[in-house]
Every structure is written in C-alpha cells, then in structure tokens.
$ cat run-v3.cif   # mmCIF, N, CA and C atoms
data_final
loop_
_atom_site.label_atom_id
_atom_site.label_comp_id
_atom_site.auth_asym_id
_atom_site.auth_seq_id
_atom_site.Cartn_x
_atom_site.Cartn_y
_atom_site.Cartn_z
N CYS O 1 0.81 -0.14 26.50
CA CYS O 1 2.23 -0.35 26.27
C CYS O 1 2.58 -0.09 24.81
N CYS O 2 1.77 -0.59 23.88
CA CYS O 2 2.04 -0.37 22.46
C CYS O 2 1.98 1.11 22.10
N VAL O 3 1.01 1.82 22.64
CA VAL O 3 0.87 3.23 22.33
C VAL O 3 2.09 3.99 22.81
N VAL O 4 2.58 3.66 24.00
CA VAL O 4 3.76 4.34 24.53
C VAL O 4 4.97 4.06 23.64
N LEU O 5 5.14 2.81 23.22
CA LEU O 5 6.27 2.48 22.35
C LEU O 5 6.20 3.25 21.04
N CYS O 6 5.01 3.31 20.44
CA CYS O 6 4.86 4.04 19.18
C CYS O 6 5.20 5.51 19.37
N CYS O 7 4.76 6.08 20.48
CA CYS O 7 5.06 7.49 20.73
C CYS O 7 6.55 7.71 20.92
N LEU O 8 7.21 6.80 21.62
CA LEU O 8 8.64 6.95 21.84
C LEU O 8 9.41 6.85 20.53
N VAL O 9 9.03 5.93 19.69
CA VAL O 9 9.72 5.78 18.40
C VAL O 9 9.49 7.01 17.55
N SER O 10 8.27 7.50 17.49
CA SER O 10 8.00 8.64 16.62
C SER O 10 8.67 9.91 17.14
N VAL O 11 8.81 10.05 18.45
CA VAL O 11 9.46 11.24 18.98
C VAL O 11 10.95 11.24 18.63
N THR O 12 11.58 10.08 18.66
CA THR O 12 13.01 10.04 18.38
C THR O 12 13.32 10.26 16.91
N THR O 13 12.41 9.88 16.02
CA THR O 13 12.67 10.04 14.59
C THR O 13 11.89 11.18 13.97
N MET O 14 11.06 11.86 14.77
CA MET O 14 10.19 12.89 14.23
C MET O 14 10.97 14.03 13.58
N SER O 15 12.11 14.37 14.10
CA SER O 15 12.84 15.49 13.54
C SER O 15 13.32 15.22 12.12
N TYR O 16 13.35 13.96 11.70
CA TYR O 16 13.81 13.64 10.36
C TYR O 16 12.71 13.14 9.43
N SER O 17 11.63 12.56 9.97
CA SER O 17 10.70 11.83 9.13
C SER O 17 9.45 12.62 8.75
N PHE O 18 9.43 13.93 8.90
CA PHE O 18 8.22 14.68 8.63
C PHE O 18 8.06 15.06 7.16
N SER O 19 9.03 14.84 6.35
CA SER O 19 8.95 15.24 4.95
C SER O 19 9.60 14.19 4.06
N LEU O 20 9.11 14.11 2.83
CA LEU O 20 9.71 13.17 1.88
C LEU O 20 11.09 13.60 1.42
N THR O 21 11.41 14.88 1.56
CA THR O 21 12.69 15.38 1.05
C THR O 21 13.67 15.76 2.15
N THR O 22 13.43 15.32 3.38
CA THR O 22 14.33 15.62 4.48
C THR O 22 15.21 14.41 4.76
N PHE O 23 16.51 14.62 4.71
CA PHE O 23 17.47 13.55 4.95
C PHE O 23 17.76 13.47 6.45
N ASN O 24 18.02 12.25 6.95
CA ASN O 24 18.44 12.12 8.35
C ASN O 24 19.95 12.33 8.44
N ALA O 25 20.50 12.15 9.64
CA ALA O 25 21.92 12.42 9.85
C ALA O 25 22.83 11.51 9.02
N SER O 26 22.36 10.29 8.69
CA SER O 26 23.19 9.39 7.89
C SER O 26 22.97 9.55 6.39
N GLY O 27 22.14 10.51 5.99
CA GLY O 27 21.94 10.79 4.58
C GLY O 27 20.84 10.01 3.90
N LYS O 28 19.95 9.39 4.68
CA LYS O 28 18.87 8.60 4.11
C LYS O 28 17.55 9.37 4.18
N LEU O 29 16.68 9.09 3.21
CA LEU O 29 15.31 9.61 3.24
C LEU O 29 14.46 8.59 3.98
N LEU O 30 14.10 8.89 5.23
CA LEU O 30 13.43 7.89 6.06
C LEU O 30 12.06 7.50 5.52
N GLN O 31 11.30 8.44 4.96
CA GLN O 31 9.98 8.09 4.44
C GLN O 31 10.09 7.06 3.32
N ILE O 32 11.11 7.18 2.50
CA ILE O 32 11.32 6.20 1.44
C ILE O 32 11.73 4.86 2.04
N GLU O 33 12.58 4.88 3.04
CA GLU O 33 13.00 3.64 3.72
C GLU O 33 11.79 2.95 4.34
N TYR O 34 10.90 3.72 5.00
CA TYR O 34 9.71 3.14 5.60
C TYR O 34 8.81 2.52 4.54
N ALA O 35 8.65 3.19 3.42
CA ALA O 35 7.80 2.68 2.35
C ALA O 35 8.37 1.38 1.78
N LEU O 36 9.67 1.32 1.56
CA LEU O 36 10.29 0.11 1.04
C LEU O 36 10.17 -1.06 2.02
N GLN O 37 10.30 -0.79 3.32
CA GLN O 37 10.14 -1.83 4.32
C GLN O 37 8.71 -2.37 4.33
N THR O 38 7.74 -1.48 4.18
CA THR O 38 6.34 -1.88 4.16
C THR O 38 6.04 -2.76 2.96
N VAL O 39 6.56 -2.40 1.80
CA VAL O 39 6.34 -3.21 0.60
C VAL O 39 6.99 -4.58 0.76
N GLN O 40 8.15 -4.65 1.39
CA GLN O 40 8.81 -5.94 1.61
C GLN O 40 7.97 -6.86 2.48
N LYS O 41 7.16 -6.29 3.37
CA LYS O 41 6.30 -7.09 4.25
C LYS O 41 5.01 -7.52 3.55
N GLY O 42 4.73 -6.98 2.39
CA GLY O 42 3.49 -7.26 1.68
C GLY O 42 3.46 -8.66 1.10
N GLN O 43 2.24 -9.09 0.72
CA GLN O 43 2.07 -10.42 0.14
C GLN O 43 2.35 -10.37 -1.36
N THR O 44 2.46 -11.55 -1.93
CA THR O 44 2.78 -11.70 -3.35
C THR O 44 1.57 -11.36 -4.21
N ALA O 45 1.81 -10.66 -5.30
CA ALA O 45 0.79 -10.38 -6.31
C ALA O 45 1.41 -10.64 -7.67
N VAL O 46 0.68 -11.39 -8.52
CA VAL O 46 1.20 -11.78 -9.83
C VAL O 46 0.16 -11.46 -10.89
N GLY O 47 0.60 -10.88 -11.99
CA GLY O 47 -0.26 -10.64 -13.13
C GLY O 47 0.30 -11.35 -14.35
N ILE O 48 -0.57 -12.06 -15.06
CA ILE O 48 -0.15 -12.80 -16.25
C ILE O 48 -1.01 -12.35 -17.42
N ARG O 49 -0.37 -11.90 -18.48
CA ARG O 49 -1.08 -11.50 -19.69
C ARG O 49 -0.99 -12.60 -20.72
N ALA O 50 -2.14 -12.96 -21.27
CA ALA O 50 -2.19 -13.97 -22.32
C ALA O 50 -2.84 -13.34 -23.55
N SER O 51 -2.87 -14.08 -24.64
CA SER O 51 -3.46 -13.54 -25.87
C SER O 51 -4.98 -13.37 -25.75
N ASN O 52 -5.61 -14.15 -24.86
CA ASN O 52 -7.06 -14.07 -24.74
C ASN O 52 -7.54 -13.52 -23.41
N GLY O 53 -6.66 -12.89 -22.62
CA GLY O 53 -7.09 -12.31 -21.34
C GLY O 53 -5.93 -12.12 -20.38
N THR O 54 -6.28 -11.78 -19.16
CA THR O 54 -5.30 -11.51 -18.12
C THR O 54 -5.75 -12.18 -16.83
N VAL O 55 -4.78 -12.67 -16.07
CA VAL O 55 -5.06 -13.26 -14.76
C VAL O 55 -4.27 -12.48 -13.72
N ILE O 56 -4.96 -12.07 -12.65
CA ILE O 56 -4.29 -11.44 -11.52
C ILE O 56 -4.54 -12.33 -10.31
N ALA O 57 -3.46 -12.74 -9.65
CA ALA O 57 -3.57 -13.60 -8.47
C ALA O 57 -2.80 -12.95 -7.32
N VAL O 58 -3.37 -13.03 -6.13
CA VAL O 58 -2.73 -12.45 -4.95
C VAL O 58 -2.75 -13.45 -3.80
N GLU O 59 -1.78 -13.29 -2.94
CA GLU O 59 -1.74 -14.07 -1.70
C GLU O 59 -2.45 -13.24 -0.65
N LYS O 60 -3.50 -13.79 -0.07
CA LYS O 60 -4.27 -13.04 0.93
C LYS O 60 -4.21 -13.79 2.24
N THR O 61 -3.41 -13.30 3.17
CA THR O 61 -3.29 -13.92 4.48
C THR O 61 -3.94 -13.02 5.52
N VAL O 62 -4.61 -13.63 6.46
CA VAL O 62 -5.25 -12.90 7.55
C VAL O 62 -4.38 -13.06 8.78
N LYS O 63 -3.96 -11.95 9.36
CA LYS O 63 -3.01 -11.99 10.46
C LYS O 63 -3.65 -12.18 11.82
N THR O 64 -4.98 -12.01 11.90
CA THR O 64 -5.68 -12.16 13.17
C THR O 64 -7.05 -12.78 12.94
N LEU O 65 -7.56 -13.46 13.93
CA LEU O 65 -8.88 -14.06 13.82
C LEU O 65 -9.99 -13.01 13.90
N LEU O 66 -9.65 -11.80 14.28
CA LEU O 66 -10.65 -10.74 14.42
C LEU O 66 -11.07 -10.15 13.07
N ILE O 67 -10.35 -10.49 12.01
CA ILE O 67 -10.66 -9.97 10.68
C ILE O 67 -11.31 -11.08 9.86
N ASP O 68 -12.46 -10.76 9.27
CA ASP O 68 -13.13 -11.70 8.39
C ASP O 68 -12.43 -11.68 7.04
N PRO O 69 -11.90 -12.82 6.57
CA PRO O 69 -11.16 -12.84 5.30
C PRO O 69 -11.98 -12.33 4.11
N LYS O 70 -13.30 -12.48 4.17
CA LYS O 70 -14.14 -12.03 3.07
C LYS O 70 -14.17 -10.51 2.93
N THR O 71 -13.82 -9.79 4.00
CA THR O 71 -13.86 -8.33 3.95
C THR O 71 -12.58 -7.72 3.39
N GLN O 72 -11.52 -8.49 3.30
CA GLN O 72 -10.26 -7.97 2.77
C GLN O 72 -10.23 -8.14 1.26
N GLN O 73 -10.00 -7.04 0.57
CA GLN O 73 -9.90 -7.08 -0.89
C GLN O 73 -8.51 -6.66 -1.31
N LYS O 74 -7.85 -7.51 -2.07
CA LYS O 74 -6.51 -7.21 -2.56
C LYS O 74 -6.52 -6.85 -4.03
N ILE O 75 -7.65 -7.07 -4.71
CA ILE O 75 -7.80 -6.71 -6.12
C ILE O 75 -9.03 -5.82 -6.23
N ALA O 76 -8.89 -4.70 -6.92
CA ALA O 76 -10.02 -3.79 -7.10
C ALA O 76 -10.19 -3.49 -8.58
N THR O 77 -11.43 -3.26 -8.98
CA THR O 77 -11.74 -2.90 -10.36
C THR O 77 -11.73 -1.38 -10.47
N VAL O 78 -10.93 -0.87 -11.39
CA VAL O 78 -10.87 0.57 -11.65
C VAL O 78 -11.90 0.95 -12.70
N SER O 79 -11.96 0.18 -13.76
CA SER O 79 -12.94 0.35 -14.83
C SER O 79 -13.24 -1.05 -15.38
N PRO O 80 -14.18 -1.18 -16.31
CA PRO O 80 -14.50 -2.52 -16.80
C PRO O 80 -13.31 -3.31 -17.37
N ASN O 81 -12.27 -2.62 -17.82
CA ASN O 81 -11.12 -3.34 -18.39
C ASN O 81 -9.81 -3.08 -17.64
N ILE O 82 -9.88 -2.51 -16.44
CA ILE O 82 -8.67 -2.23 -15.65
C ILE O 82 -8.88 -2.70 -14.21
N CYS O 83 -7.93 -3.52 -13.71
CA CYS O 83 -7.91 -3.94 -12.31
C CYS O 83 -6.57 -3.55 -11.70
N ILE O 84 -6.54 -3.48 -10.38
CA ILE O 84 -5.32 -3.08 -9.69
C ILE O 84 -5.18 -3.92 -8.42
N THR O 85 -3.94 -4.20 -8.04
CA THR O 85 -3.66 -4.91 -6.79
C THR O 85 -2.49 -4.21 -6.10
N TYR O 86 -2.17 -4.63 -4.89
CA TYR O 86 -1.12 -3.94 -4.13
C TYR O 86 -0.34 -4.90 -3.24
N ALA O 87 0.84 -4.45 -2.83
CA ALA O 87 1.62 -5.08 -1.77
C ALA O 87 2.06 -3.94 -0.88
N GLY O 88 1.45 -3.80 0.26
CA GLY O 88 1.76 -2.67 1.14
C GLY O 88 0.63 -2.42 2.11
N ILE O 89 0.24 -1.17 2.27
CA ILE O 89 -0.73 -0.75 3.26
C ILE O 89 -2.11 -0.59 2.62
N GLY O 90 -3.11 -1.25 3.20
CA GLY O 90 -4.47 -1.23 2.67
C GLY O 90 -5.07 0.15 2.53
N PRO O 91 -5.00 1.02 3.53
CA PRO O 91 -5.58 2.36 3.38
C PRO O 91 -4.94 3.16 2.24
N ASP O 92 -3.65 3.01 2.03
CA ASP O 92 -3.01 3.67 0.89
C ASP O 92 -3.57 3.14 -0.42
N PHE O 93 -3.82 1.83 -0.46
CA PHE O 93 -4.39 1.20 -1.65
C PHE O 93 -5.77 1.79 -1.95
N ARG O 94 -6.60 1.94 -0.92
CA ARG O 94 -7.94 2.49 -1.13
C ARG O 94 -7.89 3.90 -1.68
N VAL O 95 -6.95 4.72 -1.22
CA VAL O 95 -6.80 6.08 -1.74
C VAL O 95 -6.38 6.04 -3.20
N LEU O 96 -5.43 5.16 -3.54
CA LEU O 96 -4.98 5.05 -4.93
C LEU O 96 -6.09 4.54 -5.85
N VAL O 97 -6.91 3.60 -5.36
CA VAL O 97 -8.02 3.08 -6.16
C VAL O 97 -9.02 4.19 -6.43
N ALA O 98 -9.36 4.98 -5.42
CA ALA O 98 -10.31 6.08 -5.61
C ALA O 98 -9.77 7.07 -6.64
N SER O 99 -8.49 7.40 -6.55
CA SER O 99 -7.88 8.33 -7.51
C SER O 99 -7.87 7.73 -8.92
N ALA O 100 -7.54 6.45 -9.03
CA ALA O 100 -7.51 5.79 -10.34
C ALA O 100 -8.90 5.75 -10.95
N ARG O 101 -9.93 5.51 -10.14
CA ARG O 101 -11.30 5.48 -10.66
C ARG O 101 -11.73 6.85 -11.16
N LYS O 102 -11.34 7.91 -10.46
CA LYS O 102 -11.66 9.26 -10.93
C LYS O 102 -10.95 9.56 -12.25
N SER O 103 -9.69 9.18 -12.34
CA SER O 103 -8.94 9.40 -13.59
C SER O 103 -9.54 8.61 -14.74
N ALA O 104 -9.93 7.37 -14.48
CA ALA O 104 -10.54 6.54 -15.52
C ALA O 104 -11.88 7.13 -15.94
N ALA O 105 -12.67 7.62 -15.00
CA ALA O 105 -13.96 8.23 -15.35
C ALA O 105 -13.78 9.47 -16.21
N ARG O 106 -12.76 10.28 -15.87
CA ARG O 106 -12.48 11.47 -16.71
C ARG O 106 -12.03 11.07 -18.11
N TYR O 107 -11.20 10.04 -18.19
CA TYR O 107 -10.69 9.58 -19.47
C TYR O 107 -11.78 9.02 -20.36
N PHE O 108 -12.65 8.20 -19.79
CA PHE O 108 -13.66 7.53 -20.59
C PHE O 108 -14.91 8.38 -20.83
N SER O 109 -15.02 9.53 -20.19
CA SER O 109 -16.22 10.36 -20.41
C SER O 109 -16.03 11.36 -21.52
#

$ encode --input "run-v3.cif" --output "structure tokens"
Amino acid sequence: CCVVLCCLVSVTTMSYSFSLTTFNASGKLLQIEYALQTVQKGQTAVGIRASNGTVIAVEKTVKTLLIDPKTQQKIATVSPNICITYAGIGPDFRVLVASARKSAARYFS
C-alpha cells in the first residue's frame, strides 16, 4: 500500500519536480519546498563556542524500535578540529561528510 501511494504521488508531481530550476504551475520550486519541509522535520542541533572550546549538542530520537540508537550518528568528525551535524536526511548528511572530509584532506595536505 505504501509503495503504491508513493508511486501515485510521484507520478502526479513528476512533471514539475525533476529539476531544481523547474517551476510548477503556481510558480514554486518544488525541490526547494521539499528540502525546507524535510529540514523542518529534523531534530534540534546546537553549537556553542566558548573561549576554551566548542560544544555541539543534538537531539537524537529513534522513530522505531527496529533501529539501534547506537548506530545513528548525528555528529561527524571532518578533521581533528572540525565537526559537523545536520537536521534533515541522513543519507544526504553522509554524502556531505564524505565531501567535507575530502576537501579538508586536500586543504591540510
């Protein structure tokens, strides 16, 4: 049932949502709207800078009992002095972390 619903939704909006620069009939960029909705559903992340260090705190909620909370990471280390967190989609976060680590390695080498 869920798969059918997802297919029906994507078929009705597919003509507008295939590109970041394609506007729908009402003049909105749907990909941007989807991204903003996803971020609104994300958990809280706070960073505090002090004179002697930095604290990054995140709210980590598990939505199902099938996921082990220890396997979810909301904070990742990019380099010894750079950390990153997110509010949004986990797979997107992993791609951004990999890219940030490559950039940091190029910078520091």

$ select_by_dssp --input "run-v3.cif" --residues "region 13-100 of chain O" --states "strand (DSSP E)" --output "VMD selection string"
chain O and resid 45 to 50 53 to 58 75 to 79 82 to 85

$ resolve_selection --input "run-v3.cif" --expression "the PyMOL selection byres ((chain O and resi 46) around 6)" --output "list in words"
Thr44, Ala45, Gly47, Ile48, Val55, Ile56, Ala57 and Val58 of chain O

$ resolve_selection --input "run-v3.cif" --expression "the PyMOL selection byres (((chain O and resi 38 and name CA) around 12) and name CA)" --output "list in words"
Gln31, Ile32, Glu33, Tyr34, Ala35, Leu36, Gln37, Val39, Gln40, Lys41, Gly42, Gln43, Tyr86, Ala87, Gly88, Ile89, Gly90 and Asp92 of chain O

$ select_by_dssp --input "run-v3.cif" --residues "chain O" --states "helix (DSSP H, G or I)" --output "number ranges by chain"
O: 2-17, 30-41, 69-71, 90-108

$ atom_distance --input "run-v3.cif" --atom1 "atom N of Val95 (chain O)" --atom2 "atom C of Gln72 (chain O)"
13.5 Å

$ atom_distance --input "run-v3.cif" --atom1 "atom N of Thr64 (chain O)" --atom2 "CA of Arg101 (chain O)"
29.2 Å

$ atom_distance --input "run-v3.cif" --atom1 "CA of Glu59 (chain O)" --atom2 "atom C of Ala76 (chain O)"
15.2 Å

$ closest_residue --input "run-v3.cif" --among "O:Gly27, O:Ala50, O:Lys60, O:Ala100" --to "Lys74 (chain O)" --atoms "only N, CA and C atoms"
O:Lys60
